[in-house]
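Report on the following structure.
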Amino acid sequence: MNSELLNNIPSTTSSVSPPPEKFNIAGFLLECNEHRSNRPAFIDDTGTLSYAALSERARRLGAGLRSLGLRREERVLLLMQDCNDWPVSFLGSIYAGLVPVAVNTLLTADDYAYMLEHSRAQAVLVSGALLPALTAAMTRSDHEVVKVIVSNPVAPLHPSEVEFESFIQGQVALQKPAQTKADDPGFWLYSSGSTGRPKGTVHSHANPYWTAQLYGKGVLDLKESDVCFSAAKLFFAYGLGNGLTFPMSVGACTVLMSERPTPDATFKRMTGGVGNTKPTVFFGAPTGFAGMLSHPNLPEKKEVALRLVSSAGEALPAEIGERFTQHFGVNIVDGIGSTEMLHIFLSNRPNDVRYGTTGWPVPGYEIELRGDDGLPVPNSEPGDLYIKGPSAALMYWGNREKSRETFQGGWTKSGDKYVRNEDGTYTYGGRTDDMLKVSGIYVSPFEVEATLIQHSSVLEAAVIGINDNNGLTKTKAFVVLKSGSSATEDELKAFVKDKLAPYKYPRLIEFVAELPKTATGKIQRFKLRAQENNNTK
C-alpha cells in the first residue's frame with residue numbers, strides 16, 4: 001500500500017489516493033525507503049546518515065521513549081538545531097505514537113517555559129547548545145518533565161539528563177509503527193506568534209502526506225536524484241516540508257545546517273562545502289535572497305548545481321526574483337503557505353513563473369477572496385484570503401476562540417490580503433492587519449516596499465500607516481540602504497511616484513540600520529507601529 005501511495009504522483013486532485021484510515025506518517029516514510037538503505041538521507045556538518053541508519057535510529061529512539069513510560073499521543077518537546085538527530089527524533093517520536101512538538105531554536109527561556117506548560121510535554125529532545133535555555137525554562141515552570149535527552153552535549157550532564165547516543169544505543173528497535181490513524185494528531189508546530197503568545201498548531205499524520213503529494217511532487221516535481229537544502233529550519237512548517245517530508249517522499253537527500261542561514265553559511269552549502277555535495281534544490285525566503293544578491297561573496301553560476309529554487313515566508317518582490325534569475329539562470333518559484341496549512345497552497349510553477357505574483361492555486365486546494373461582507377470579491381479588488389485543502393491543521397491546542405476564528409468549516413482564514421488577476425494568478429497585498437486605507441483607497445504596504453527596493457541604493461524597506469494631526473492615515477517607509485550606498489528622502493519619494501499611483505508614495509521616510517523581523521525573516525510591522533506610537537506620546 002505504501003509503495004503504491006508513494007508512486008502516485010499527482011497531476012490533478014482526483015489523481016491522488018488518500019492515505020488509508022490506519023496510517024503512521026513516520027512508518028510510511030521509512031517503509032517507502034527500505035529499498036534505498038545505502039543511499040544518503042541526510043548530511044550535516046558531522047557526517048552522512050543513510051536511509052537504513054535513519055530507520056534503525058528512529059525506531060530505537062521510539063523504543064527508548066516508550067521505555068520511559070510515555071503513552072500514545074503524549075507530547076515530546078523537540079528543541080534541536082538542524083542536524084542528523086533532528087529527523088531521527090521527529091520520526092522516532094511519531095513512529096512510537098507520540099506527538100513531537102517542534103519549536104523555534106531562537107526563542108527565550110520564558111517562551112520555552114510557556115511551551116512546556118502549554119504542551120504538557122513529558123520528555124524533551126534538545127541540542128546541547130540549547131540546554132541552558134531549556135534548563136532556565138524548566139526552573140520557571142511548574143510542569144515536570146520525565147526525561148531530558150541531549151544531542152551533542154557541550155558540558156557534563158545532570159543526572160536527570162541523558163546523552164542522545166547512549167539513550168538510543170541501549171534500545172531494541174521497534175518492529176512496527178504505532179497503529180495510528182490518518183486523522184490522529186501527529187505533531188505540533190507553534191505559529192510565529194507575531195502578536196501575543198504563539199499558538200500550538202496540531203497537525204494530523206495525513207497532513208505531511210498531502211503536502212508532499214500535492215506540492216513536493218505535484219508542483220516542484222522533486223526527484224530521487226535531488227539534493228535538497230533549505231535555509232528555513234526544520235521547526236518551521238516550510239522547512240519541515242523542504243528538508244524532511246518532501247525529499248523523503250521521493251528518496252532524495254537533504255543537506256542540513258545547524259547555524260544561522262547567513263549568506264556565507266548558505267554559500268558554503270550551495271557550493272558543496274559540506275559533504276562534498278552540491279544541492280540541486282534550494283529553499284529560501286525573500287529576505288535571504290536579497291542578502292545573498294548584495295553580498296560580495298555571491299557564488300558564480302558555474303559554482304552551483306541548482307536546477308530549482310523555491311521561496312516562501314513572505315511575498316517575493318519581482319526585482320529580487322529577476323536579479324536572481326539573471327545571475328544563476330534559474331527561476332525562483334514563489335509561493336505562499338502557512339503553519340495552519342502546513343505548506344504552500346498558492347504558487348508559481350517551475351516552468352511558468354510570473355514574478356510579482358504568487359502564481360496559481362496548487363492542485364488540491366481551493367482559494368477564495370472575500371470582502372468585509374464575507375462575500376467573494378471580483379478580479380482586481382483586494383480580499384481576505386481563504387483556503388480549503390486536505391492539509392489544514394486540526395486546531396490550535398487549548399484555544400477554542402482562535403480555532404473557531406481561523407478554521408471555519410472546510411475553510412481556513414489566512415489573515416492575508418490578495419488580489420486575483422485576470423490571468424488567474426494572485427498578487428499579494430499584505431497581512432490583513434497591515435493594509436492601509438489612504439484617502440479612502442486601500443494601499444498595500446508590500447507594493448510600496450517592492451517598489452522602493454527597485455532603487456539601486458535600497459536593500460530593504462517596510463511601510464506602515466501613521467495618523468497625521470487631522471487623524472488621517474499617511475504612509476511612512478523605513479528604509480535600509482545597501483552598504484556604501486546613499487539616497488535622500490526626496491529622491492526615494494520621487495522614485496515611487498514615478499512607478500506607482502501618486503497617492504501611494506510614502507509621505508515620510510526614515511533611514512534605519514535594520515528592520516525588526518521574526519525568525520522566519522518576516523518584517524514585524526507591528527513593532528514599527530508600536531515604536532511610532534511611543535514616539536508620539
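Quick note on naming: the chains in the C-alpha cells go A, B, ... in the order shown, residues restart at 1 in each chain, and ligands are numbered from 1 in order of appearance.
Among the residues of stretch 104-194 of chain A, backbone DSSP assigns strand (DSSP E or B) to A:Ala123, A:Val124, A:Leu125, A:Val126, A:Ser127, A:Lys147, A:Val148, A:Ile149, A:Val150, A:Ser151, A:Glu161, A:Val162, A:Glu163, A:Lys181, A:Pro185, A:Gly186, A:Phe187, A:Trp188, A:Leu189, A:Tyr190.
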Go ahead and write the selection's residues with all heavy atoms as a short mmCIF file (atom, residue, chain, number, x, y, z; two decimals), in the first residue's frame.
data_model
loop_
_atom_site.label_atom_id
_atom_site.label_comp_id
_atom_site.auth_asym_id
_atom_site.auth_seq_id
_atom_site.Cartn_x
_atom_site.Cartn_y
_atom_site.Cartn_z
N ALA A 123 8.69 14.62 27.78
CA ALA A 123 10.12 14.48 27.58
C ALA A 123 10.58 15.59 26.64
O ALA A 123 9.77 16.20 25.94
CB ALA A 123 10.48 13.11 27.01
N VAL A 124 11.88 15.85 26.65
CA VAL A 124 12.46 16.87 25.78
C VAL A 124 13.67 16.30 25.06
O VAL A 124 14.52 15.66 25.67
CB VAL A 124 12.89 18.13 26.56
CG1 VAL A 124 13.44 19.19 25.60
CG2 VAL A 124 11.74 18.70 27.38
N LEU A 125 13.72 16.50 23.76
CA LEU A 125 14.88 16.19 22.94
C LEU A 125 15.52 17.52 22.57
O LEU A 125 14.91 18.36 21.92
CB LEU A 125 14.45 15.43 21.68
CG LEU A 125 13.86 14.03 21.96
CD1 LEU A 125 12.85 13.64 20.89
CD2 LEU A 125 14.98 12.99 22.04
N VAL A 126 16.77 17.74 23.02
CA VAL A 126 17.36 19.07 22.94
C VAL A 126 18.82 19.01 22.49
O VAL A 126 19.55 18.07 22.83
CB VAL A 126 17.25 19.78 24.32
CG1 VAL A 126 17.97 19.00 25.40
CG2 VAL A 126 17.74 21.22 24.26
N SER A 127 19.24 20.00 21.73
CA SER A 127 20.65 20.15 21.37
C SER A 127 21.43 20.66 22.58
O SER A 127 20.93 21.49 23.35
CB SER A 127 20.82 21.13 20.21
OG SER A 127 20.33 20.58 19.01
N LYS A 147 12.06 13.08 31.28
CA LYS A 147 13.46 12.91 30.90
C LYS A 147 13.88 13.96 29.87
O LYS A 147 13.09 14.34 29.00
CB LYS A 147 13.67 11.52 30.30
CG LYS A 147 15.10 11.18 29.94
CD LYS A 147 16.01 11.06 31.18
CE LYS A 147 15.69 9.79 31.95
NZ LYS A 147 16.63 9.60 33.07
N VAL A 148 15.13 14.42 29.98
CA VAL A 148 15.74 15.32 29.00
C VAL A 148 16.84 14.55 28.28
O VAL A 148 17.77 14.04 28.92
CB VAL A 148 16.32 16.58 29.68
CG1 VAL A 148 17.05 17.44 28.65
CG2 VAL A 148 15.21 17.39 30.35
N ILE A 149 16.72 14.45 26.96
CA ILE A 149 17.67 13.69 26.14
C ILE A 149 18.45 14.69 25.31
O ILE A 149 17.87 15.46 24.54
CB ILE A 149 16.91 12.69 25.26
CG1 ILE A 149 16.06 11.76 26.13
CG2 ILE A 149 17.87 11.89 24.39
CD1 ILE A 149 14.84 11.21 25.44
N VAL A 150 19.78 14.71 25.46
CA VAL A 150 20.62 15.78 24.93
C VAL A 150 21.46 15.30 23.75
O VAL A 150 22.27 14.37 23.88
CB VAL A 150 21.54 16.34 26.03
CG1 VAL A 150 22.32 17.55 25.51
CG2 VAL A 150 20.73 16.73 27.27
N SER A 151 21.27 15.94 22.62
CA SER A 151 22.07 15.67 21.42
C SER A 151 23.31 16.55 21.41
O SER A 151 23.22 17.75 21.63
CB SER A 151 21.22 15.94 20.18
OG SER A 151 22.01 15.94 19.01
N GLU A 161 19.51 14.07 33.11
CA GLU A 161 19.67 14.19 31.67
C GLU A 161 20.44 12.99 31.13
O GLU A 161 21.26 12.39 31.83
CB GLU A 161 20.42 15.49 31.33
CG GLU A 161 19.71 16.74 31.84
CD GLU A 161 20.62 17.95 31.96
OE1 GLU A 161 21.85 17.79 31.81
OE2 GLU A 161 20.10 19.05 32.22
N VAL A 162 20.19 12.65 29.88
CA VAL A 162 20.87 11.52 29.27
C VAL A 162 21.34 11.92 27.87
O VAL A 162 20.67 12.67 27.17
CB VAL A 162 19.95 10.28 29.21
CG1 VAL A 162 18.71 10.57 28.36
CG2 VAL A 162 20.69 9.07 28.67
N GLU A 163 22.50 11.41 27.50
CA GLU A 163 23.06 11.73 26.19
C GLU A 163 22.33 10.94 25.11
O GLU A 163 22.01 9.77 25.28
CB GLU A 163 24.56 11.38 26.19
CG GLU A 163 25.32 11.98 25.02
CD GLU A 163 25.41 11.00 23.86
OE1 GLU A 163 25.40 9.79 24.13
OE2 GLU A 163 25.48 11.45 22.71
N LYS A 181 -4.11 6.55 13.29
CA LYS A 181 -4.99 6.80 12.16
C LYS A 181 -4.57 8.07 11.43
O LYS A 181 -3.92 8.94 12.01
CB LYS A 181 -6.44 6.89 12.63
CG LYS A 181 -7.00 5.59 13.17
CD LYS A 181 -8.47 5.72 13.51
CE LYS A 181 -9.03 4.38 13.98
NZ LYS A 181 -10.49 4.48 14.28
N PRO A 185 -3.78 13.16 15.83
CA PRO A 185 -2.72 14.15 15.98
C PRO A 185 -1.35 13.50 15.77
O PRO A 185 -1.06 12.46 16.37
CB PRO A 185 -2.88 14.64 17.42
CG PRO A 185 -4.32 14.37 17.75
CD PRO A 185 -4.66 13.09 17.02
N GLY A 186 -0.55 14.07 14.88
CA GLY A 186 0.77 13.51 14.59
C GLY A 186 1.90 14.34 15.15
O GLY A 186 2.90 13.80 15.65
N PHE A 187 1.78 15.67 15.10
CA PHE A 187 2.84 16.56 15.59
C PHE A 187 2.26 17.96 15.74
O PHE A 187 1.20 18.27 15.18
CB PHE A 187 4.04 16.57 14.64
CG PHE A 187 3.73 17.03 13.25
CD1 PHE A 187 3.95 18.34 12.85
CD2 PHE A 187 3.21 16.14 12.31
CE1 PHE A 187 3.65 18.76 11.56
CE2 PHE A 187 2.91 16.55 11.01
CZ PHE A 187 3.13 17.86 10.64
N TRP A 188 2.96 18.78 16.48
CA TRP A 188 2.59 20.19 16.63
C TRP A 188 3.68 21.07 16.05
O TRP A 188 4.87 20.73 16.07
CB TRP A 188 2.48 20.58 18.10
CG TRP A 188 1.38 20.02 18.90
CD1 TRP A 188 0.60 18.93 18.64
CD2 TRP A 188 0.94 20.52 20.17
NE1 TRP A 188 -0.29 18.72 19.66
CE2 TRP A 188 -0.10 19.68 20.62
CE3 TRP A 188 1.35 21.59 20.97
CZ2 TRP A 188 -0.75 19.88 21.83
CZ3 TRP A 188 0.71 21.79 22.19
CH2 TRP A 188 -0.33 20.94 22.60
N LEU A 189 3.26 22.23 15.57
CA LEU A 189 4.16 23.33 15.25
C LEU A 189 3.58 24.58 15.88
O LEU A 189 2.36 24.78 15.83
CB LEU A 189 4.28 23.52 13.73
CG LEU A 189 4.82 22.35 12.91
CD1 LEU A 189 4.66 22.64 11.43
CD2 LEU A 189 6.27 22.06 13.26
N TYR A 190 4.41 25.42 16.45
CA TYR A 190 3.91 26.67 17.00
C TYR A 190 3.94 27.76 15.94
O TYR A 190 4.91 27.88 15.19
CB TYR A 190 4.73 27.10 18.22
CG TYR A 190 4.24 26.47 19.51
CD1 TYR A 190 4.82 25.31 20.00
CD2 TYR A 190 3.17 27.02 20.21
CE1 TYR A 190 4.36 24.71 21.17
CE2 TYR A 190 2.70 26.44 21.38
CZ TYR A 190 3.30 25.29 21.85
OH TYR A 190 2.82 24.71 23.00
#
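By only C-alpha atoms, and with residues fewer than 4 positions from A:Ile320 along its chain excluded, the set lying at most 8 Å from it is Pro286, Phe289, Ala290, Leu316 and Phe324 of chain A.
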Residues near A:Gly389, anyone? I mean within 9 Å using only C-alpha atoms, not counting same-chain ones fewer than 2 positions away, as a list in words.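 Within the cut-off, the hits are Met341, Phe345, Gly364, Tyr365, Glu366, Ile387, Ser391, Ala392, Gly410, Trp411 and Thr412 of chain A.
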Each residue of stretch 172-211 of chain A with at least one atom at most 9 Å from stretch 393-400 of chain A should appear once, together with its nearest atom pair and the corresponding distance in Å (one decimal); atoms considered: only C-alpha atoms; ordering: chain, then increasing residue number; output as JSON lines.
{"residue": "A:Asp183", "atom": "CA", "partner": "A:Leu394", "partner_atom": "CA", "distance": 8.5}
{"residue": "A:Pro185", "atom": "CA", "partner": "A:Leu394", "partner_atom": "CA", "distance": 7.8}
{"residue": "A:Trp188", "atom": "CA", "partner": "A:Trp397", "partner_atom": "CA", "distance": 8.9}
{"residue": "A:Lys199", "atom": "CA", "partner": "A:Tyr396", "partner_atom": "CA", "distance": 6.0}
{"residue": "A:Gly200", "atom": "CA", "partner": "A:Tyr396", "partner_atom": "CA", "distance": 5.3}
{"residue": "A:Thr201", "atom": "CA", "partner": "A:Tyr396", "partner_atom": "CA", "distance": 4.7}
{"residue": "A:Val202", "atom": "CA", "partner": "A:Leu394", "partner_atom": "CA", "distance": 5.6}
{"residue": "A:His203", "atom": "CA", "partner": "A:Ala393", "partner_atom": "CA", "distance": 4.8}
{"residue": "A:Ser204", "atom": "CA", "partner": "A:Leu394", "partner_atom": "CA", "distance": 6.9}
{"residue": "A:Asn207", "atom": "CA", "partner": "A:Ala393", "partner_atom": "CA", "distance": 7.7}
Could you save those same residues with N, CA and C atoms as a PDB file, in the first residue's frame?
ATOM      1  N   ASP A 183      -6.141  10.667  10.660  1.00  0.00           N
ATOM      2  CA  ASP A 183      -6.629  11.912  11.249  1.00  0.00           C
ATOM      3  C   ASP A 183      -6.215  12.090  12.701  1.00  0.00           C
ATOM      4  N   PRO A 185      -3.785  13.161  15.827  1.00  0.00           N
ATOM      5  CA  PRO A 185      -2.716  14.154  15.976  1.00  0.00           C
ATOM      6  C   PRO A 185      -1.351  13.499  15.765  1.00  0.00           C
ATOM      7  N   TRP A 188       2.962  18.780  16.481  1.00  0.00           N
ATOM      8  CA  TRP A 188       2.591  20.187  16.635  1.00  0.00           C
ATOM      9  C   TRP A 188       3.681  21.071  16.049  1.00  0.00           C
ATOM     10  N   LYS A 199       0.675  30.045  18.939  1.00  0.00           N
ATOM     11  CA  LYS A 199      -0.427  29.093  19.039  1.00  0.00           C
ATOM     12  C   LYS A 199       0.062  27.694  18.655  1.00  0.00           C
ATOM     13  N   GLY A 200      -0.278  26.721  19.472  1.00  0.00           N
ATOM     14  CA  GLY A 200       0.103  25.338  19.212  1.00  0.00           C
ATOM     15  C   GLY A 200      -0.780  24.744  18.124  1.00  0.00           C
ATOM     16  N   THR A 201      -0.222  24.604  16.916  1.00  0.00           N
ATOM     17  CA  THR A 201      -0.980  24.171  15.752  1.00  0.00           C
ATOM     18  C   THR A 201      -0.847  22.658  15.612  1.00  0.00           C
ATOM     19  N   VAL A 202      -1.961  21.951  15.718  1.00  0.00           N
ATOM     20  CA  VAL A 202      -1.964  20.492  15.754  1.00  0.00           C
ATOM     21  C   VAL A 202      -2.214  19.935  14.348  1.00  0.00           C
ATOM     22  N   HIS A 203      -1.245  19.156  13.859  1.00  0.00           N
ATOM     23  CA  HIS A 203      -1.365  18.549  12.532  1.00  0.00           C
ATOM     24  C   HIS A 203      -1.532  17.032  12.638  1.00  0.00           C
ATOM     25  N   SER A 204      -2.256  16.490  11.684  1.00  0.00           N
ATOM     26  CA  SER A 204      -2.526  15.055  11.663  1.00  0.00           C
ATOM     27  C   SER A 204      -1.396  14.300  10.967  1.00  0.00           C
ATOM     28  N   ASN A 207      -1.495  14.984   7.101  1.00  0.00           N
ATOM     29  CA  ASN A 207      -1.197  16.295   6.508  1.00  0.00           C
ATOM     30  C   ASN A 207       0.138  16.352   5.767  1.00  0.00           C
TER      31      ASN A 207
END
Env of stretch 420-422 of chain A: 12 Å cut, atoms = only C-alpha atoms, seq-sep filter 4 positions within chain, self excluded. Answer as a ChimeraX atom specification. /A:346,354,356-361,367-370,376-385,426-429
Closest atom pairs, stretch 311-344 of chain A residues within 12 Å of stretch 455-466 of chain A, only C-alpha atoms, as CSV:
residue,atom,partner,partner_atom,distance
A:Pro317,CA,A:Glu460,CA,10.7
A:Glu319,CA,A:His455,CA,9.6
A:Ile320,CA,A:Leu459,CA,10.2
A:Arg323,CA,A:Ser456,CA,11.9
Only all heavy atoms, please: the residues just picked out, written as a PDB file, in the first residue's frame.
ATOM      1  N   PRO A 317       9.506  40.050  -3.970  1.00  0.00           N
ATOM      2  CA  PRO A 317       9.480  41.185  -4.894  1.00  0.00           C
ATOM      3  C   PRO A 317      10.025  40.781  -6.267  1.00  0.00           C
ATOM      4  O   PRO A 317      11.010  40.043  -6.365  1.00  0.00           O
ATOM      5  CB  PRO A 317      10.394  42.208  -4.215  1.00  0.00           C
ATOM      6  CG  PRO A 317      10.376  41.842  -2.757  1.00  0.00           C
ATOM      7  CD  PRO A 317      10.282  40.342  -2.752  1.00  0.00           C
ATOM      8  N   GLU A 319      11.696  42.342  -8.417  1.00  0.00           N
ATOM      9  CA  GLU A 319      13.063  42.782  -8.691  1.00  0.00           C
ATOM     10  C   GLU A 319      14.093  41.778  -8.172  1.00  0.00           C
ATOM     11  O   GLU A 319      15.098  41.498  -8.830  1.00  0.00           O
ATOM     12  CB  GLU A 319      13.274  44.164  -8.043  1.00  0.00           C
ATOM     13  CG  GLU A 319      14.596  44.836  -8.385  1.00  0.00           C
ATOM     14  CD  GLU A 319      15.676  44.576  -7.353  1.00  0.00           C
ATOM     15  OE1 GLU A 319      15.346  44.046  -6.274  1.00  0.00           O
ATOM     16  OE2 GLU A 319      16.849  44.888  -7.628  1.00  0.00           O
ATOM     17  N   ILE A 320      13.836  41.191  -6.999  1.00  0.00           N
ATOM     18  CA  ILE A 320      14.757  40.204  -6.435  1.00  0.00           C
ATOM     19  C   ILE A 320      14.751  38.934  -7.281  1.00  0.00           C
ATOM     20  O   ILE A 320      15.800  38.359  -7.587  1.00  0.00           O
ATOM     21  CB  ILE A 320      14.385  39.906  -4.970  1.00  0.00           C
ATOM     22  CG1 ILE A 320      14.661  41.135  -4.095  1.00  0.00           C
ATOM     23  CG2 ILE A 320      15.164  38.699  -4.447  1.00  0.00           C
ATOM     24  CD1 ILE A 320      14.253  40.975  -2.648  1.00  0.00           C
ATOM     25  N   ARG A 323      16.650  39.536 -10.610  1.00  0.00           N
ATOM     26  CA  ARG A 323      18.101  39.605 -10.422  1.00  0.00           C
ATOM     27  C   ARG A 323      18.689  38.217 -10.165  1.00  0.00           C
ATOM     28  O   ARG A 323      19.765  37.878 -10.664  1.00  0.00           O
ATOM     29  CB  ARG A 323      18.439  40.544  -9.268  1.00  0.00           C
ATOM     30  CG  ARG A 323      18.278  42.034  -9.616  1.00  0.00           C
ATOM     31  CD  ARG A 323      18.416  42.900  -8.374  1.00  0.00           C
ATOM     32  NE  ARG A 323      19.640  42.625  -7.662  1.00  0.00           N
ATOM     33  CZ  ARG A 323      19.801  42.833  -6.352  1.00  0.00           C
ATOM     34  NH1 ARG A 323      18.801  43.312  -5.623  1.00  0.00           N
ATOM     35  NH2 ARG A 323      20.946  42.576  -5.771  1.00  0.00           N
TER      36      ARG A 323
END
I'd like the neighbourhood of stretch 131-134 of chain A as JSON, numbers by chain, where a residue qualifies if any of its atoms comes within 10 Å (using only C-alpha atoms), though same-chain residues fewer than 4 positions away should be ignored. {"A": [79, 80, 105, 106, 107, 108, 109, 110, 111, 112, 113, 116, 124, 125, 126, 127, 138, 139, 140, 148, 149, 150, 151, 153, 154, 155, 157]}
Please provide the set of residues having any atom within 12 Å of A:Gly69, restricted to only C-alpha atoms, with same-chain residues fewer than 4 positions apart removed, written as a PDB file with N, CA, C and O atoms, in the first residue's frame.
ATOM      1  N   GLY A  62      12.254   5.693  19.283  1.00  0.00           N
ATOM      2  CA  GLY A  62      10.867   5.439  19.664  1.00  0.00           C
ATOM      3  C   GLY A  62      10.759   4.437  20.794  1.00  0.00           C
ATOM      4  O   GLY A  62       9.962   4.615  21.739  1.00  0.00           O
ATOM      5  N   ALA A  63      11.555   3.369  20.717  1.00  0.00           N
ATOM      6  CA  ALA A  63      11.549   2.369  21.788  1.00  0.00           C
ATOM      7  C   ALA A  63      12.014   2.976  23.105  1.00  0.00           C
ATOM      8  O   ALA A  63      11.462   2.672  24.177  1.00  0.00           O
ATOM      9  N   GLY A  64      13.017   3.846  23.030  1.00  0.00           N
ATOM     10  CA  GLY A  64      13.513   4.489  24.232  1.00  0.00           C
ATOM     11  C   GLY A  64      12.473   5.375  24.904  1.00  0.00           C
ATOM     12  O   GLY A  64      12.324   5.375  26.134  1.00  0.00           O
ATOM     13  N   LEU A  65      11.748   6.120  24.111  1.00  0.00           N
ATOM     14  CA  LEU A  65      10.711   6.990  24.682  1.00  0.00           C
ATOM     15  C   LEU A  65       9.601   6.170  25.326  1.00  0.00           C
ATOM     16  O   LEU A  65       9.090   6.511  26.390  1.00  0.00           O
ATOM     17  N   GLU A  74       1.017  11.428  23.940  1.00  0.00           N
ATOM     18  CA  GLU A  74       1.690  12.370  24.836  1.00  0.00           C
ATOM     19  C   GLU A  74       2.754  13.117  24.045  1.00  0.00           C
ATOM     20  O   GLU A  74       3.329  12.600  23.093  1.00  0.00           O
ATOM     21  N   ALA A  96       6.515   5.882  17.368  1.00  0.00           N
ATOM     22  CA  ALA A  96       6.088   5.301  18.640  1.00  0.00           C
ATOM     23  C   ALA A  96       4.689   5.728  19.050  1.00  0.00           C
ATOM     24  O   ALA A  96       4.199   5.322  20.104  1.00  0.00           O
ATOM     25  N   LEU A  98       3.823   8.840  19.656  1.00  0.00           N
ATOM     26  CA  LEU A  98       3.913  10.081  20.436  1.00  0.00           C
ATOM     27  C   LEU A  98       3.778  11.274  19.502  1.00  0.00           C
ATOM     28  O   LEU A  98       3.761  11.132  18.275  1.00  0.00           O
ATOM     29  N   GLN A 122       6.111  15.483  28.010  1.00  0.00           N
ATOM     30  CA  GLN A 122       6.600  14.541  29.013  1.00  0.00           C
ATOM     31  C   GLN A 122       8.102  14.293  28.906  1.00  0.00           C
ATOM     32  O   GLN A 122       8.716  13.784  29.844  1.00  0.00           O
ATOM     33  N   ALA A 123       8.689  14.623  27.781  1.00  0.00           N
ATOM     34  CA  ALA A 123      10.124  14.484  27.579  1.00  0.00           C
ATOM     35  C   ALA A 123      10.581  15.594  26.643  1.00  0.00           C
ATOM     36  O   ALA A 123       9.772  16.197  25.940  1.00  0.00           O
ATOM     37  N   VAL A 145       9.058  17.315  33.704  1.00  0.00           N
ATOM     38  CA  VAL A 145       9.406  16.516  32.536  1.00  0.00           C
ATOM     39  C   VAL A 145      10.030  15.203  33.002  1.00  0.00           C
ATOM     40  O   VAL A 145      10.854  15.187  33.916  1.00  0.00           O
ATOM     41  N   VAL A 146       9.631  14.103  32.354  1.00  0.00           N
ATOM     42  CA  VAL A 146      10.142  12.791  32.746  1.00  0.00           C
ATOM     43  C   VAL A 146      11.626  12.667  32.461  1.00  0.00           C
ATOM     44  O   VAL A 146      12.407  12.213  33.307  1.00  0.00           O
ATOM     45  N   LYS A 147      12.061  13.084  31.282  1.00  0.00           N
ATOM     46  CA  LYS A 147      13.460  12.910  30.899  1.00  0.00           C
ATOM     47  C   LYS A 147      13.878  13.963  29.871  1.00  0.00           C
ATOM     48  O   LYS A 147      13.094  14.345  29.005  1.00  0.00           O
TER      49      LYS A 147
END
Gap from atom CA of A:Gln175 to atom CA of A:Phe23 - Å, one decimal: 15.5 Å
Using only C-alpha atoms, determine which residues lie at most 12 Å from A:Pro296, disregarding the query and same-chain residues fewer than 5 positions distant; provide the list as an MDAnalysis selection string. chainID A and resid 263:264 267 291 482:483
Could you give me the residues within stretch 124-367 of chain A that DSSP places in alpha helix (DSSP H), as a VMD selection string? chain A and resid 131 to 140 164 to 169 206 to 211 237 to 240 246 to 250 263 to 270 286 to 293 318 to 328
Quick one: distance from atom CA of A:Tyr209 to atom CA of A:Pro18 in Å, one decimal?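 Interatomic distance here is 8.6 Å.
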Of the candidates A:Phe478, A:Tyr355, A:Phe236, A:Phe164, which shows the shortest atom-to-atom distance to A:Thr325, using only C-alpha atoms?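 Counting only C-alpha atoms, the residue closest to A:Thr325 is A:Tyr355.
Interatomic distance, atom CA of A:Phe235 to atom CA of A:Ala102: 5.2 Å.
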Determine the nearest neighbour of A:Arg59 from the options A:Leu436, A:Ala26, A:Ala237, A:Val362, counting only C-alpha atoms. A:Ala26
